[in-house]
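Comments concern the structure below.
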Amino acid sequence: MNRLGFLAREALINLRRNLLVVMGAVLAVFISLALAFGALVVNQLLRINTLAWQDGVHIIAFLHDEGLAGIPAGAHQALVAEVTSWDEVANVTYVDKAAAWAEYQQIFADRPDYLNIDPSVLPASARIELTNIDLYRDVQFRLASESQLIRRVETFGEQIEQLSSLSTVLNLLGLGLALVLGMSAVILIANTIRMAIYARRDEVAIMKLVGASNWFVRIPFVLEGMIEGLIGAGLAVATVWVAFRNLRTLGDSIEIVSFAVPDRFFLTWSIRILLFGAAAGVLGSVLGLSRYLKDEDGSRPISAGARVLEPL
Amino acid sequence: MIRLREVTKVYEGGVVAVRDVELDIQKGAFVFLVGPSGSGKSTLIRLLLRQDTVTRGTIWVAGKDITQLPAWKVPFLRRSVGTVFQDFKLLPNKTVGENVAFALEVLGKPRSVIGPQVQQVLELVGLKDKGDRYPRQLSGGEQQRVSIARAFVNRPPILLCDEPTGNLDPATSVGIMRLLDRINRSGTTVAMATHDHAIVDAMQRRVVQLEDGRIIRDQQSGRYETEHVVEVDGSVAQ
């Protein structure tokens, strides 16, 4: 416990001594992870507002009424059973004429003039949810072949495709930027660690003289990188949370867009971002120490500026 | 306690620092390593600490061949060898007590052990009331005492000193030597590289003289310089 306390204290001393450089590294981690987290949230919003926009329904097949010429009673249920068995289909909901009328009334409850229609004109429909949205054309074609029963097929595939490609572009941009900035953050952390080693070269030399093991000397520097990564990630998580909360409050007045990203999504990704930040910090530290990680063989002292450092 | 056999160290560029050195230092001994600058004294100390590796030969410290020691075991060697240097190597931002405690902290000793042990060793070196001072507030002699306290706080069986009185005036040097003598009398083996004629002559301990990396004299109860005796016939014998 005492040893852990000593290592943590040493790491904090490192952080305090190079405050400006540390702030630079933290800022780089913060920007890259905020971008990555932001891109993830935007992507999630797009998913919610596309795939979930239609309550998961990707195709609606409007059906001719049973009892009409050539359409026997029970034909609707037979079609629903058949479509349900297709591999591309995840779920089929049958909405009969009565349910269609009830839904219509609900939708236009505030427009009584729209309700003066003959309910029998509203067709029954099969609302189809696909296993994979990319297959909507196949399903659309197969349904069309049931021409006798199908009145009209409506898909949301094209709109979803457009939004999906927008989401992909946004994701790629966000993640590309995050990757470049993430790499610069790791390099900055590595640089911070090198400066810390140089600033503490006397202490490092004394620690080694009195018998500190190599890892004991290295751990405070690794901890320092990890703390920098964690602080940057923590700031990124906090910023995206706050920004999203404000966006959601603003979005409450816009009915057609949903901001209902589940808290669980935020929590899961916040933890992942924090872990990623810590890992990036450790990676930066290890890179920073790499030059000094070679075990000492005495014949290759490492020069640091005008001084000579033993390998850590 | 320390045994060197055919030890040679050649640095890059072909500079031979130590050549075919054979040396035995018994447990509890006090040995002066003397010789001009560049004679190989400091290299010998670096080799004993495994700060450098030998080019050829074998070194045993406390029964272990340190030339074959894997790098990860070197810290364990250094825990059994205390070191004192001419420039004290104290941390300026730590107090006297913290500097001494540092040697125990890096070994992971609990606080309950560190406190009393630091107090005890500060008392031994005569600085028990100066634990809260910073090195800059101390004289050179006091700083060297702190350095000795840090080297000895872990009670190592061997103490290596590289010119410990090099930065001190003669009167202060005597105090430091008294301290080292006291530590030696407690059973610690002390090997000390020095240029200080007066101290070597006054202490009358074993003297190992180096020149161009070779041992040219190994004398019990010796003096710094070889004693020249003028024979009756007028010739000079050593």
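Chains: A, B, ... in order of the structure tokens. Residues: from 1 per chain. Ligands: from 1, in order shown.
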Open item on the list: Which residues are near Ala126 in chain A? Cut-off 12 Å, only C-alpha atoms, ignore same chain within fewer than 6 positions. Put them as number ranges by chain.
Closed with: A: 57-64, 76-84, 89, 91-97, 99-100, 143, 149-155
Just the selected residues (N, CA and C atoms), exported as an mmCIF file, in the first residue's frame, please.
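File out-v6.cif, as written:
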data_model
loop_
_atom_site.group_PDB
_atom_site.id
_atom_site.type_symbol
_atom_site.label_atom_id
_atom_site.label_comp_id
_atom_site.auth_asym_id
_atom_site.auth_seq_id
_atom_site.Cartn_x
_atom_site.Cartn_y
_atom_site.Cartn_z
ATOM 1 N N VAL A 57 -40.684 -0.420 -39.182
ATOM 2 C CA VAL A 57 -41.308 -0.959 -40.399
ATOM 3 C C VAL A 57 -40.545 -0.439 -41.618
ATOM 4 N N HIS A 58 -40.097 -1.375 -42.456
ATOM 5 C CA HIS A 58 -39.318 -0.977 -43.621
ATOM 6 C C HIS A 58 -40.137 -1.040 -44.914
ATOM 7 N N ILE A 59 -41.138 -1.937 -44.919
ATOM 8 C CA ILE A 59 -41.983 -2.090 -46.114
ATOM 9 C C ILE A 59 -43.444 -2.202 -45.658
ATOM 10 N N ILE A 60 -44.348 -1.523 -46.402
ATOM 11 C CA ILE A 60 -45.786 -1.714 -46.147
ATOM 12 C C ILE A 60 -46.422 -2.217 -47.451
ATOM 13 N N ALA A 61 -47.053 -3.371 -47.348
ATOM 14 C CA ALA A 61 -47.769 -3.915 -48.517
ATOM 15 C C ALA A 61 -49.266 -3.705 -48.281
ATOM 16 N N PHE A 62 -49.871 -2.804 -49.098
ATOM 17 C CA PHE A 62 -51.320 -2.581 -48.980
ATOM 18 C C PHE A 62 -52.025 -3.674 -49.787
ATOM 19 N N LEU A 63 -53.094 -4.245 -49.211
ATOM 20 C CA LEU A 63 -53.701 -5.436 -49.792
ATOM 21 C C LEU A 63 -55.097 -5.134 -50.352
ATOM 22 N N HIS A 64 -55.427 -5.851 -51.433
ATOM 23 C CA HIS A 64 -56.800 -5.796 -51.934
ATOM 24 C C HIS A 64 -57.709 -6.482 -50.913
ATOM 25 N N HIS A 76 -55.411 -13.044 -46.907
ATOM 26 C CA HIS A 76 -54.502 -12.120 -46.185
ATOM 27 C C HIS A 76 -53.627 -12.868 -45.184
ATOM 28 N N GLN A 77 -54.272 -13.708 -44.373
ATOM 29 C CA GLN A 77 -53.531 -14.441 -43.340
ATOM 30 C C GLN A 77 -52.536 -15.407 -43.979
ATOM 31 N N ALA A 78 -52.935 -15.990 -45.129
ATOM 32 C CA ALA A 78 -52.034 -16.919 -45.825
ATOM 33 C C ALA A 78 -50.804 -16.164 -46.320
ATOM 34 N N LEU A 79 -51.019 -14.922 -46.836
ATOM 35 C CA LEU A 79 -49.884 -14.120 -47.316
ATOM 36 C C LEU A 79 -48.953 -13.744 -46.152
ATOM 37 N N VAL A 80 -49.573 -13.328 -45.058
ATOM 38 C CA VAL A 80 -48.781 -12.949 -43.874
ATOM 39 C C VAL A 80 -47.933 -14.133 -43.413
ATOM 40 N N ALA A 81 -48.538 -15.322 -43.390
ATOM 41 C CA ALA A 81 -47.811 -16.519 -42.945
ATOM 42 C C ALA A 81 -46.651 -16.809 -43.893
ATOM 43 N N GLU A 82 -46.892 -16.621 -45.192
ATOM 44 C CA GLU A 82 -45.845 -16.920 -46.176
ATOM 45 C C GLU A 82 -44.691 -15.909 -46.055
ATOM 46 N N VAL A 83 -45.058 -14.619 -46.000
ATOM 47 C CA VAL A 83 -44.006 -13.571 -45.923
ATOM 48 C C VAL A 83 -43.189 -13.720 -44.634
ATOM 49 N N THR A 84 -43.875 -14.087 -43.571
ATOM 50 C CA THR A 84 -43.176 -14.267 -42.297
ATOM 51 C C THR A 84 -42.099 -15.346 -42.412
ATOM 52 N N VAL A 89 -37.127 -11.556 -43.838
ATOM 53 C CA VAL A 89 -38.137 -10.865 -43.035
ATOM 54 C C VAL A 89 -37.983 -11.204 -41.543
ATOM 55 N N ASN A 91 -40.124 -9.666 -39.141
ATOM 56 C CA ASN A 91 -41.433 -9.637 -38.488
ATOM 57 C C ASN A 91 -42.479 -9.048 -39.449
ATOM 58 N N VAL A 92 -43.706 -9.574 -39.348
ATOM 59 C CA VAL A 92 -44.803 -9.019 -40.156
ATOM 60 C C VAL A 92 -45.983 -8.726 -39.232
ATOM 61 N N THR A 93 -46.491 -7.506 -39.326
ATOM 62 C CA THR A 93 -47.678 -7.149 -38.534
ATOM 63 C C THR A 93 -48.845 -6.940 -39.513
ATOM 64 N N TYR A 94 -49.909 -7.647 -39.273
ATOM 65 C CA TYR A 94 -51.082 -7.516 -40.153
ATOM 66 C C TYR A 94 -52.017 -6.463 -39.557
ATOM 67 N N VAL A 95 -52.365 -5.469 -40.357
ATOM 68 C CA VAL A 95 -53.284 -4.407 -39.914
ATOM 69 C C VAL A 95 -54.556 -4.541 -40.775
ATOM 70 N N ASP A 96 -55.637 -5.008 -40.146
ATOM 71 C CA ASP A 96 -56.857 -5.204 -40.959
ATOM 72 C C ASP A 96 -57.560 -3.867 -41.176
ATOM 73 N N LYS A 97 -58.662 -3.893 -41.916
ATOM 74 C CA LYS A 97 -59.334 -2.648 -42.294
ATOM 75 C C LYS A 97 -59.815 -1.859 -41.067
ATOM 76 N N ALA A 99 -58.531 -1.926 -38.030
ATOM 77 C CA ALA A 99 -57.372 -1.333 -37.347
ATOM 78 C C ALA A 99 -56.842 -0.138 -38.145
ATOM 79 N N ALA A 100 -56.898 -0.245 -39.480
ATOM 80 C CA ALA A 100 -56.442 0.863 -40.332
ATOM 81 C C ALA A 100 -57.322 2.092 -40.105
ATOM 82 N N LEU A 143 -42.790 -9.432 -53.296
ATOM 83 C CA LEU A 143 -44.178 -9.052 -52.969
ATOM 84 C C LEU A 143 -44.942 -8.675 -54.239
ATOM 85 N N LEU A 149 -52.942 -10.097 -55.092
ATOM 86 C CA LEU A 149 -53.359 -9.707 -53.747
ATOM 87 C C LEU A 149 -52.833 -8.318 -53.342
ATOM 88 N N ILE A 150 -51.684 -7.979 -53.902
ATOM 89 C CA ILE A 150 -51.020 -6.730 -53.484
ATOM 90 C C ILE A 150 -51.590 -5.542 -54.253
ATOM 91 N N ARG A 151 -51.982 -4.548 -53.512
ATOM 92 C CA ARG A 151 -52.517 -3.335 -54.124
ATOM 93 C C ARG A 151 -51.357 -2.377 -54.464
ATOM 94 N N ARG A 152 -50.492 -2.187 -53.481
ATOM 95 C CA ARG A 152 -49.359 -1.269 -53.647
ATOM 96 C C ARG A 152 -48.299 -1.623 -52.585
ATOM 97 N N VAL A 153 -47.011 -1.462 -52.952
ATOM 98 C CA VAL A 153 -45.930 -1.718 -51.980
ATOM 99 C C VAL A 153 -45.180 -0.413 -51.759
ATOM 100 N N GLU A 154 -45.039 -0.050 -50.518
ATOM 101 C CA GLU A 154 -44.276 1.168 -50.190
ATOM 102 C C GLU A 154 -43.060 0.771 -49.368
ATOM 103 N N THR A 155 -41.914 1.302 -49.770
ATOM 104 C CA THR A 155 -40.723 1.005 -48.960
ATOM 105 C C THR A 155 -40.118 2.320 -48.481
#
TODO: Compute the chain B side of the contact with chain A at 9 Å, counting only C-alpha atoms, and hand it back as a ChimeraX atom specification.
DONE: /B:11-12,47,49-54,71-83,89-91,102-111,150-151
For C-alpha atoms, I'd like the residues from the last selection saved as a compact mmCIF listing (two decimals), in the first residue's frame.
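Produced file part_12.txt, reproduced below:
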# COMPACT_ATOMS: atom_id res chain seq x y z
CA TYR B 11 35.37 1.44 -23.61
CA GLU B 12 34.24 2.30 -27.11
CA LEU B 47 31.85 -2.27 -12.45
CA LEU B 49 27.76 -1.54 -9.06
CA ARG B 50 27.04 -3.02 -12.51
CA GLN B 51 26.71 0.48 -13.91
CA ASP B 52 29.19 -0.85 -16.46
CA THR B 53 29.80 -4.39 -17.64
CA VAL B 54 33.22 -5.99 -17.89
CA ALA B 71 19.64 -7.06 -15.88
CA TRP B 72 16.47 -7.51 -13.81
CA LYS B 73 18.52 -8.72 -10.85
CA VAL B 74 20.87 -5.71 -10.83
CA PRO B 75 18.58 -3.73 -8.46
CA PHE B 76 18.91 -6.55 -5.92
CA LEU B 77 22.71 -6.26 -6.13
CA ARG B 78 22.48 -2.51 -5.53
CA ARG B 79 20.34 -3.02 -2.45
CA SER B 80 23.29 -4.77 -0.85
CA VAL B 81 25.82 -2.13 -1.93
CA GLY B 82 25.58 1.41 -0.56
CA THR B 83 27.19 4.19 -2.60
CA LYS B 89 23.78 13.24 -5.31
CA LEU B 90 21.07 14.59 -3.00
CA LEU B 91 17.64 15.64 -4.23
CA PHE B 102 13.75 7.84 -0.37
CA ALA B 103 16.18 4.89 -0.35
CA LEU B 104 13.72 2.88 1.74
CA GLU B 105 10.60 4.07 -0.09
CA VAL B 106 11.83 2.77 -3.43
CA LEU B 107 12.34 -0.60 -1.77
CA GLY B 108 8.70 -0.57 -0.64
CA LYS B 109 9.43 -0.50 3.10
CA PRO B 110 6.39 0.35 5.24
CA ARG B 111 6.14 3.77 6.88
CA ARG B 150 21.11 7.36 2.63
CA ALA B 151 23.69 4.80 1.52
Open item on the list: I'd like to know which of B:Pro164, B:Pro92, B:Pro116, B:Gly28 is closest to Gln137 in chain B, using only C-alpha atoms.
Closed with: B:Pro92
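Summary of the local environment: counting only C-alpha atoms, residues at most 10 Å from Gln144 in chain B, other than itself and those fewer than 6 positions away along its chain, are Val84, Phe85, Gln86, Asp87, Phe88, Lys89, Leu90, Val125, Pro135, Leu138, Arg150, Pro164, Thr165, Asn167, Leu168, Thr172, Ser173 and Ile176 of chain B.
Computed from the coordinates, the CA of Val21 in chain B to CA of Phe152 in chain B distance equals 27.5 Å.
In this model, the gap between CA of Ile25 in chain B and CA of Thr188 in chain B comes to 11.7 Å.
The two atoms in question, CA of Gln162 in chain A and CA of Ala34 in chain A, are spaced 25.8 Å apart.
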TODO: Enumerate as a ChimeraX atom specification all residues of range 10-86 of chain A assigned to alpha helix (DSSP H) by DSSP on the backbone, naming them with the chain letters and numbers the document uses.
DONE: /A:10-17,19-50,75-84
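With distances restricted to only C-alpha atoms, B:Val153 is the closest residue to Gly115 in chain B from B:Asp24, B:Asp65, B:Thr194, B:Val153.
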